[in-house]
Amino acid sequence: MIQTRKRIAGTGVAMMAACLLPFSLAQADEQKAEIAKQLANPIANLISVPLQLNYDENFGPHDEGDQWLLNIQPVIPFSISDDWNIITRTILPFVDKSDIPVQGSSASGLGDIVASQFFSPSATVNGWTWGVGPVWLLPTASDEILGGEKWGLGPTGVALRQHGPWTYGILANHIWSFAGDDDREDISSTYMQPFMSYVTKTHTTLALSTESTYDWENEEWSVPVIFTLAQMLRIGQLPVQISLAARYWADSPENGPEDWGVRFQFTFVFPK
């Protein structure tokens with residue numbers, strides 16, 4: 001009788017474990033799918049810290065310059081009421097320039113910080129997610145070559161729609177300089193980032209975007225077209241996303257980058 005009870009108890013434990021394991025794996029799979037979708041939204045109600053490493057070359061009049069750029073871009077949402085959130089997006093650039101702007105001129109260090117705050121409804125509006133607010137340019141560059149030495153301010157906004165595995169929308173801003181070194185050129189710059197992405201059943205994201213900038217002072221465009229492949233993973237219990245992108249310069253300023261560049265991004269995610 002005692003042996004029979006032990007067998008029954010052991011069988012019950014095994015059945016419970018068999019039931020719980022698939023449920024746990026299913027939950028983890030569902031969470032990765034949801035996070036992959038939220039990461040396609042620039043103003044998702046999700047804390048994320050992307051580390052974005054970019055490489056471009058062929059700068060300067062003789063195409064001899066190259067640049068490494070590491071952008072640390074924390075995105076932190078705050079709930080201010082049942083109906084509204086504030087999402088902060090900050091870009092801290094660390095730059096290494098070689099033979100830019102001319103041969104023999106190089107510098108490494110912190111560039112100018114760009115900080116945006118979006119006021120966004122907690123719920124979608126007719127299927128659309130949107131947010132508006134200010135964008136700030138802070139003259140934090142550690143070397144004059146790495147920044148404009150100007151304070152800047154302007155409006156920013158984003159609008160997007162998510163339907164099934166698809167996400168599409170646009171993020172834009174405009175920055176005017178209002179203070180800073182009088183010997184440096186004024187800043188009047190429009191940034192536009194239309195984007196489209198598709199998340200597969202294996203939590204792989206395929207994305208196409210541009211990060212176009214128009215310099216109104218010099219009447220010049222920068223138009224990189226970016227093709228991105230990203231994958232959701234886990235490090236222990238921490239969700240992360242890794243991505244690799246190819247960037248084609250459809251247009252760039254005189255002495256700017258040419259042809260192709262590459263981007264690698266590692267994003268830490270902290271679900272609420």
# chains A, B, ... in the order shown; residues from 1 in each chain; ligands from 1
$ select_by_dssp --residues "segment 136-259 of chain A" --states "strand (DSSP E)" --output "ChimeraX atom specification"
/A:136-138,150-163,166-180,188-199,204-210,212-215,220-235,238-251
$ residues_around --residues "segment 105-114 of chain A" --least-positions-apart "6" --cutoff "6 Å" --atoms "only C-alpha atoms" --output "PyMOL selection string"
chain A and resi 90-99+136-142+146-147
$ residues_around --residues "Phe227 of chain A" --least-positions-apart "5" --cutoff "9 Å" --atoms "only C-alpha atoms" --output "MDAnalysis selection string"
chainID A and resid 206:210 244:248
$ closest_residue --among "A:Ser120, A:Asn173, A:Gln241, A:Gln231" --to "Ser212 of chain A" --atoms "only C-alpha atoms"
A:Asn173
$ atom_distance --atom1 "atom CA of Leu51 of chain A" --atom2 "atom CA of Ser252 of chain A"
24.2 Å
$ atom_distance --atom1 "atom CA of Pro42 of chain A" --atom2 "atom CA of Asp186 of chain A"
28.6 Å
$ closest_residue --among "A:Thr228, A:Thr213, A:Gln237, A:Gln117" --to "Met196 of chain A" --atoms "only C-alpha atoms"
A:Thr228
$ atom_distance --atom1 "atom CA of Leu70 of chain A" --atom2 "atom CA of Tyr55 of chain A"
8.9 Å
$ closest_residue --among "A:Gly131, A:Met192, A:Val240, A:Thr204" --to "Val223 of chain A" --atoms "only C-alpha atoms"
A:Met192
$ select_by_dssp --residues "segment 17-260 of chain A" --states "alpha helix (DSSP H)" --output "list in words"
Ala17, Ala18, Cys19, Leu20, Leu21, Pro22, Phe23, Ser24, Leu25, Ala26, Gln27, Ala28, Asp29, Glu30, Gln31, Lys32, Ala33, Glu34, Ile35, Ala36, Lys37, Gln38 and Leu39 of chain A
$ closest_residue --among "A:Ala44, A:Gly60, A:Ser122, A:Gly261" --to "Ile76 of chain A" --atoms "only C-alpha atoms"
A:Ala44
$ residues_around --residues "Gly169 of chain A" --least-positions-apart "4" --cutoff "9 Å" --atoms "only C-alpha atoms" --output "VMD selection string"
chain A and resid 41 158 to 162 193 to 196
$ write_last_selection --atoms "N, CA and C atoms" --output "CSV table (one decimal), in the first residue's frame"
chain,number,residue,atom,x,y,z
A,41,ASN,N,7.8,49.9,-31.9
A,41,ASN,CA,7.1,51.1,-31.6
A,41,ASN,C,8.0,52.1,-30.8
A,158,VAL,N,5.5,61.7,-33.4
A,158,VAL,CA,5.6,60.3,-34.0
A,158,VAL,C,4.1,59.8,-34.1
A,159,ALA,N,3.9,59.1,-35.2
A,159,ALA,CA,2.6,58.5,-35.4
A,159,ALA,C,2.8,57.1,-36.0
A,160,LEU,N,2.1,56.1,-35.6
A,160,LEU,CA,2.3,54.8,-36.1
A,160,LEU,C,1.1,53.9,-35.9
A,161,ARG,N,1.0,52.9,-36.7
A,161,ARG,CA,-0.1,51.9,-36.6
A,161,ARG,C,0.5,50.5,-36.6
A,162,GLN,N,-0.1,49.7,-35.7
A,162,GLN,CA,0.3,48.3,-35.7
A,162,GLN,C,-0.8,47.4,-36.0
A,193,GLN,N,12.0,60.2,-40.0
A,193,GLN,CA,12.3,58.7,-40.0
A,193,GLN,C,11.0,57.9,-40.2
A,194,PRO,N,10.7,57.8,-41.5
A,194,PRO,CA,9.6,56.8,-41.8
A,194,PRO,C,10.1,55.4,-41.6
A,195,PHE,N,9.2,54.5,-41.1
A,195,PHE,CA,9.7,53.1,-40.9
A,195,PHE,C,8.6,52.1,-41.1
A,196,MET,N,9.0,50.9,-41.4
A,196,MET,CA,8.0,49.8,-41.6
A,196,MET,C,8.7,48.5,-41.2
$ decode --residues "segment 40-52 of chain A" --atoms "all heavy atoms" --output "tab-separated table (two decimals), in the first residue's frame"
chain	number	residue	atom	x	y	z
A	40	ALA	N	9.19	47.60	-31.99
A	40	ALA	CA	8.97	48.24	-33.29
A	40	ALA	C	8.28	49.59	-33.14
A	40	ALA	O	8.20	50.37	-34.09
A	40	ALA	CB	8.14	47.33	-34.19
A	41	ASN	N	7.78	49.87	-31.91
A	41	ASN	CA	7.09	51.13	-31.60
A	41	ASN	C	8.05	52.05	-30.85
A	41	ASN	O	8.46	51.74	-29.73
A	41	ASN	CB	5.86	50.81	-30.75
A	41	ASN	CG	5.13	52.05	-30.27
A	41	ASN	OD1	5.53	53.18	-30.56
A	41	ASN	ND2	4.07	51.86	-29.51
A	42	PRO	N	8.43	53.19	-31.43
A	42	PRO	CA	9.41	54.08	-30.76
A	42	PRO	C	8.93	54.65	-29.43
A	42	PRO	O	9.75	55.11	-28.63
A	42	PRO	CB	9.60	55.21	-31.78
A	42	PRO	CG	9.14	54.67	-33.08
A	42	PRO	CD	8.05	53.70	-32.75
A	43	ILE	N	7.61	54.64	-29.18
A	43	ILE	CA	7.10	55.20	-27.93
A	43	ILE	C	6.26	54.17	-27.18
A	43	ILE	O	5.26	54.50	-26.55
A	43	ILE	CB	6.29	56.50	-28.16
A	43	ILE	CG1	5.15	56.28	-29.17
A	43	ILE	CG2	7.21	57.63	-28.62
A	43	ILE	CD1	4.21	57.46	-29.27
A	44	ALA	N	6.70	52.92	-27.23
A	44	ALA	CA	6.01	51.87	-26.49
A	44	ALA	C	6.15	52.09	-24.99
A	44	ALA	O	7.13	52.69	-24.52
A	44	ALA	CB	6.57	50.51	-26.87
A	45	ASN	N	5.18	51.60	-24.24
A	45	ASN	CA	5.21	51.70	-22.78
A	45	ASN	C	6.11	50.60	-22.22
A	45	ASN	O	5.67	49.68	-21.54
A	45	ASN	CB	3.79	51.60	-22.22
A	45	ASN	CG	3.73	51.97	-20.75
A	45	ASN	OD1	4.62	52.63	-20.22
A	45	ASN	ND2	2.68	51.53	-20.08
A	46	LEU	N	7.40	50.73	-22.53
A	46	LEU	CA	8.38	49.68	-22.25
A	46	LEU	C	9.74	50.32	-22.05
A	46	LEU	O	10.16	51.16	-22.85
A	46	LEU	CB	8.43	48.72	-23.44
A	46	LEU	CG	9.43	47.57	-23.38
A	46	LEU	CD1	8.92	46.48	-22.45
A	46	LEU	CD2	9.64	47.00	-24.79
A	47	ILE	N	10.44	49.95	-20.99
A	47	ILE	CA	11.80	50.46	-20.76
A	47	ILE	C	12.77	49.65	-21.61
A	47	ILE	O	12.81	48.42	-21.53
A	47	ILE	CB	12.19	50.37	-19.28
A	47	ILE	CG1	11.26	51.22	-18.42
A	47	ILE	CG2	13.63	50.81	-19.08
A	47	ILE	CD1	11.50	51.07	-16.93
A	48	SER	N	13.56	50.33	-22.44
A	48	SER	CA	14.57	49.67	-23.25
A	48	SER	C	15.82	50.53	-23.32
A	48	SER	O	15.75	51.76	-23.23
A	48	SER	CB	14.04	49.38	-24.66
A	48	SER	OG	13.75	50.57	-25.34
A	49	VAL	N	16.96	49.86	-23.47
A	49	VAL	CA	18.24	50.57	-23.58
A	49	VAL	C	19.01	50.00	-24.78
A	49	VAL	O	19.75	49.02	-24.64
A	49	VAL	CB	19.08	50.45	-22.30
A	49	VAL	CG1	20.37	51.27	-22.44
A	49	VAL	CG2	18.29	50.91	-21.08
A	50	PRO	N	18.83	50.58	-25.97
A	50	PRO	CA	19.59	50.14	-27.13
A	50	PRO	C	21.03	50.68	-27.10
A	50	PRO	O	21.26	51.85	-26.77
A	50	PRO	CB	18.82	50.73	-28.31
A	50	PRO	CG	17.50	51.18	-27.76
A	50	PRO	CD	17.77	51.53	-26.33
A	51	LEU	N	21.97	49.83	-27.44
A	51	LEU	CA	23.37	50.21	-27.69
A	51	LEU	C	23.59	50.03	-29.18
A	51	LEU	O	23.65	48.90	-29.68
A	51	LEU	CB	24.33	49.35	-26.88
A	51	LEU	CG	24.08	49.26	-25.37
A	51	LEU	CD1	25.10	48.35	-24.71
A	51	LEU	CD2	24.11	50.64	-24.74
A	52	GLN	N	23.71	51.14	-29.90
A	52	GLN	CA	23.73	51.11	-31.36
A	52	GLN	C	25.10	51.54	-31.88
A	52	GLN	O	25.52	52.68	-31.69
A	52	GLN	CB	22.65	52.03	-31.91
A	52	GLN	CG	22.51	52.05	-33.42
A	52	GLN	CD	21.65	53.22	-33.86
A	52	GLN	OE1	22.16	54.29	-34.19
A	52	GLN	NE2	20.34	53.04	-33.84
